[in-house]
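Q: Have a look at the structure that comes next, please.
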Amino acid sequence: MNKELKILAVVVFFTLVTYWGVEPFAHSQMHKHVEFNNFAYKDLPALKAKGDPAKGKELVMGAGACTGCHGIKAEGMASPMDAATAIASYGVNPPDLSHVGALLDEKFLAALIKNPAHALKVEHKFNDKHPYPMTAFFGAGGDIDQEVADMVAYLKQIASKEEVTPKAAYEMACGRCHAMRYDKWTQLGETPKFKYEKDEVAYKAKVLDAQDKVKAYMGKLPPDLSIIIRARSEEFLKTFVEDPQSQLPGTAMPRVGLTAEGYEKVEKHLEEVGDPSKPARESLGWKVILYFVIFSILAYLWKQKIWSKLH
């Protein structure tokens, strides 16, 4: 009995050393650690002024010229272009602004309005000869910091009208560049159902053309995110979304600007699509452990009974 316990203790000890010592060390050598800042965006200045949503609406609809490229479904305004036309014009489909106030950090939003390339951390990709598609806001004649704060306040106000679903969060933050075939999502949006095969073929050709435009804009086609939640660690995904340059210097992927709550919604949708069996698997886990515990006890008692006659 004592000998068996000693053998078990040795096996358990070396298993734990391998699992909690060797494996994490090996992983740290192969993949650099990037500090996670909880989507704080410490490099961006805080808003200095308190925004007025009413004035912000006037700017967004007027001098800010936001509605020239963006739709605002929360205000009953459709996008001025369909996804295919927008991608052909800008390289990527500009997001609808209905949810940005709820999903994006207010400091990031302000910086995005004033200097898009800087806020997105893609200044290495764009310059005077190759300007970023989104035009910077240079003010409407008043205090620019106040005007930007007003616009941010308006975007936050309209975003509070309804709860943002995980899928809507994904579509705004990721779905304009990344496809997700397990969710029937393309760069043009959700794949419709077709009655005739010729219509389906025509749509696929349209998607391929859009992907070529996105590829030309980004340098390469962004990967399909169907199983990214299972292919990458939680630490990598959070730090990569928070600051892509920290994990992949020189990447064309822009900083998304999500808040911690916004990222949680995006992550939830990635899990729902890429790992739909996770809830069932986790609910079964304790049952499996209980089975092995009971089995081990019965096996031990059986062993004691059989071997007791030989000792």
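In the structure tokens, chains take the letters A, B, ... in the order shown, each chain's residues start at 1, and ligands count up from 1 in the order shown.
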Could you give me, as a ChimeraX atom specification, each residue of range 29-215 of chain A that DSSP assigns to helix (DSSP H, G or I) when run on this structure's backbone?

A: /A:29-30,53-61,66-68,73-75,83-90,100-103,106-114,116-120,144-159,166-173,181-183,197-215

Q: Take the residues just selected and output them with C-alpha atoms as a PDB file, in the first residue's frame.

A:
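And here is the file that came out, selection-v7.pdb:
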ATOM      1  CA  GLN A  29      10.086  30.879 -25.332  1.00  0.00           C
ATOM      2  CA  MET A  30       8.129  30.297 -28.544  1.00  0.00           C
ATOM      3  CA  PRO A  53     -25.280  65.411 -28.035  1.00  0.00           C
ATOM      4  CA  ALA A  54     -27.548  67.925 -29.796  1.00  0.00           C
ATOM      5  CA  LYS A  55     -24.594  69.897 -31.169  1.00  0.00           C
ATOM      6  CA  GLY A  56     -22.833  66.641 -31.922  1.00  0.00           C
ATOM      7  CA  LYS A  57     -25.734  65.517 -34.084  1.00  0.00           C
ATOM      8  CA  GLU A  58     -25.530  68.735 -36.109  1.00  0.00           C
ATOM      9  CA  LEU A  59     -21.820  68.121 -36.683  1.00  0.00           C
ATOM     10  CA  VAL A  60     -22.174  64.436 -37.572  1.00  0.00           C
ATOM     11  CA  MET A  61     -24.972  65.223 -40.021  1.00  0.00           C
ATOM     12  CA  CYS A  66     -19.842  61.468 -41.407  1.00  0.00           C
ATOM     13  CA  THR A  67     -23.030  60.489 -43.203  1.00  0.00           C
ATOM     14  CA  GLY A  68     -21.332  60.868 -46.573  1.00  0.00           C
ATOM     15  CA  LYS A  73     -29.603  52.799 -38.751  1.00  0.00           C
ATOM     16  CA  ALA A  74     -30.461  53.992 -35.242  1.00  0.00           C
ATOM     17  CA  GLU A  75     -31.544  57.272 -36.867  1.00  0.00           C
ATOM     18  CA  ALA A  83     -21.132  47.041 -49.305  1.00  0.00           C
ATOM     19  CA  ALA A  84     -19.670  46.127 -52.709  1.00  0.00           C
ATOM     20  CA  THR A  85     -19.607  49.739 -53.934  1.00  0.00           C
ATOM     21  CA  ALA A  86     -18.128  50.976 -50.637  1.00  0.00           C
ATOM     22  CA  ILE A  87     -15.360  48.359 -50.727  1.00  0.00           C
ATOM     23  CA  ALA A  88     -14.575  49.279 -54.333  1.00  0.00           C
ATOM     24  CA  SER A  89     -14.394  52.952 -53.321  1.00  0.00           C
ATOM     25  CA  TYR A  90     -12.526  52.761 -50.009  1.00  0.00           C
ATOM     26  CA  VAL A 100     -19.818  52.649 -32.154  1.00  0.00           C
ATOM     27  CA  GLY A 101     -20.590  54.733 -29.063  1.00  0.00           C
ATOM     28  CA  ALA A 102     -21.365  51.576 -27.093  1.00  0.00           C
ATOM     29  CA  LEU A 103     -18.522  49.401 -28.390  1.00  0.00           C
ATOM     30  CA  GLU A 106     -14.505  57.348 -26.071  1.00  0.00           C
ATOM     31  CA  LYS A 107     -10.839  58.380 -26.169  1.00  0.00           C
ATOM     32  CA  PHE A 108     -10.357  56.213 -29.223  1.00  0.00           C
ATOM     33  CA  LEU A 109     -13.473  57.652 -30.874  1.00  0.00           C
ATOM     34  CA  ALA A 110     -12.237  61.197 -30.329  1.00  0.00           C
ATOM     35  CA  ALA A 111      -8.798  60.355 -31.714  1.00  0.00           C
ATOM     36  CA  LEU A 112     -10.386  58.538 -34.654  1.00  0.00           C
ATOM     37  CA  ILE A 113     -12.397  61.621 -35.575  1.00  0.00           C
ATOM     38  CA  LYS A 114      -9.369  63.953 -35.363  1.00  0.00           C
ATOM     39  CA  PRO A 116      -7.906  58.289 -38.082  1.00  0.00           C
ATOM     40  CA  ALA A 117      -4.544  56.826 -39.119  1.00  0.00           C
ATOM     41  CA  HIS A 118      -2.983  57.712 -35.764  1.00  0.00           C
ATOM     42  CA  ALA A 119      -5.857  56.314 -33.698  1.00  0.00           C
ATOM     43  CA  LEU A 120      -5.868  53.099 -35.723  1.00  0.00           C
ATOM     44  CA  ILE A 144     -12.194  71.551 -32.119  1.00  0.00           C
ATOM     45  CA  ASP A 145     -11.840  69.650 -28.829  1.00  0.00           C
ATOM     46  CA  GLN A 146     -15.346  70.721 -27.831  1.00  0.00           C
ATOM     47  CA  GLU A 147     -16.739  69.840 -31.242  1.00  0.00           C
ATOM     48  CA  VAL A 148     -15.167  66.383 -31.135  1.00  0.00           C
ATOM     49  CA  ALA A 149     -16.520  65.852 -27.609  1.00  0.00           C
ATOM     50  CA  ASP A 150     -19.984  66.831 -28.876  1.00  0.00           C
ATOM     51  CA  MET A 151     -19.758  64.270 -31.687  1.00  0.00           C
ATOM     52  CA  VAL A 152     -18.639  61.545 -29.296  1.00  0.00           C
ATOM     53  CA  ALA A 153     -21.509  62.410 -26.915  1.00  0.00           C
ATOM     54  CA  TYR A 154     -23.997  62.088 -29.773  1.00  0.00           C
ATOM     55  CA  LEU A 155     -22.605  58.733 -30.891  1.00  0.00           C
ATOM     56  CA  LYS A 156     -22.804  57.448 -27.317  1.00  0.00           C
ATOM     57  CA  GLN A 157     -26.382  58.710 -26.978  1.00  0.00           C
ATOM     58  CA  ILE A 158     -27.727  56.934 -30.073  1.00  0.00           C
ATOM     59  CA  ALA A 159     -25.844  53.767 -29.111  1.00  0.00           C
ATOM     60  CA  PRO A 166     -22.588  39.802 -29.864  1.00  0.00           C
ATOM     61  CA  LYS A 167     -23.163  39.292 -33.579  1.00  0.00           C
ATOM     62  CA  ALA A 168     -23.718  43.014 -34.183  1.00  0.00           C
ATOM     63  CA  ALA A 169     -20.527  43.750 -32.233  1.00  0.00           C
ATOM     64  CA  TYR A 170     -18.590  41.292 -34.393  1.00  0.00           C
ATOM     65  CA  GLU A 171     -20.019  42.724 -37.611  1.00  0.00           C
ATOM     66  CA  MET A 172     -18.957  46.260 -36.684  1.00  0.00           C
ATOM     67  CA  ALA A 173     -15.527  45.400 -35.263  1.00  0.00           C
ATOM     68  CA  ARG A 181     -17.846  30.846 -43.315  1.00  0.00           C
ATOM     69  CA  TYR A 182     -19.262  28.858 -40.373  1.00  0.00           C
ATOM     70  CA  ASP A 183     -21.686  31.761 -39.857  1.00  0.00           C
ATOM     71  CA  GLU A 197     -27.959  28.443 -58.731  1.00  0.00           C
ATOM     72  CA  LYS A 198     -27.052  31.183 -61.217  1.00  0.00           C
ATOM     73  CA  ASP A 199     -27.859  33.796 -58.562  1.00  0.00           C
ATOM     74  CA  GLU A 200     -25.634  32.009 -56.051  1.00  0.00           C
ATOM     75  CA  VAL A 201     -22.768  31.875 -58.568  1.00  0.00           C
ATOM     76  CA  ALA A 202     -23.190  35.581 -59.332  1.00  0.00           C
ATOM     77  CA  TYR A 203     -23.074  36.390 -55.611  1.00  0.00           C
ATOM     78  CA  LYS A 204     -19.920  34.307 -55.121  1.00  0.00           C
ATOM     79  CA  ALA A 205     -18.269  36.209 -57.969  1.00  0.00           C
ATOM     80  CA  LYS A 206     -19.264  39.462 -56.265  1.00  0.00           C
ATOM     81  CA  VAL A 207     -17.711  38.256 -53.001  1.00  0.00           C
ATOM     82  CA  LEU A 208     -14.476  37.271 -54.757  1.00  0.00           C
ATOM     83  CA  ASP A 209     -14.279  40.708 -56.361  1.00  0.00           C
ATOM     84  CA  ALA A 210     -14.808  42.360 -52.965  1.00  0.00           C
ATOM     85  CA  GLN A 211     -12.106  40.150 -51.445  1.00  0.00           C
ATOM     86  CA  ASP A 212      -9.693  41.249 -54.168  1.00  0.00           C
ATOM     87  CA  LYS A 213     -10.392  44.891 -53.241  1.00  0.00           C
ATOM     88  CA  VAL A 214      -9.893  44.196 -49.524  1.00  0.00           C
ATOM     89  CA  LYS A 215      -6.684  42.306 -50.309  1.00  0.00           C
TER      90      LYS A 215
END

Q: Expressed in Å to a single decimal, how great is the separation between CA of Cys177 in chain A and CA of Phe36 in chain A?

A: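 Separation of CA of Cys177 in chain A and CA of Phe36 in chain A: 24.0 Å.
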
Q: Just how far from CA of Val266 in chain A is CA of Glu235 in chain A, in Å to one decimal?

A: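 For CA of Glu235 in chain A relative to CA of Val266 in chain A, the distance reads 14.7 Å.
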
Q: Would you mind listing what lies within 10 Å of Lys121 in chain A as a list in words, with only C-alpha atoms counted and same-chain residues fewer than 4 positions away left out?

A: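 Listing them by chain and then by number gives Pro116, Ala117, Lys125, Asp243, Pro244, Gln245, Gly250, Thr251, Ala252, Met253, Pro254, Arg255 and Val256 of chain A.
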
Q: Figure out the distance between CA of Asp105 in chain A and CA of Lys50 in chain A, please, to one decimal in Å.

A: 15.3 Å
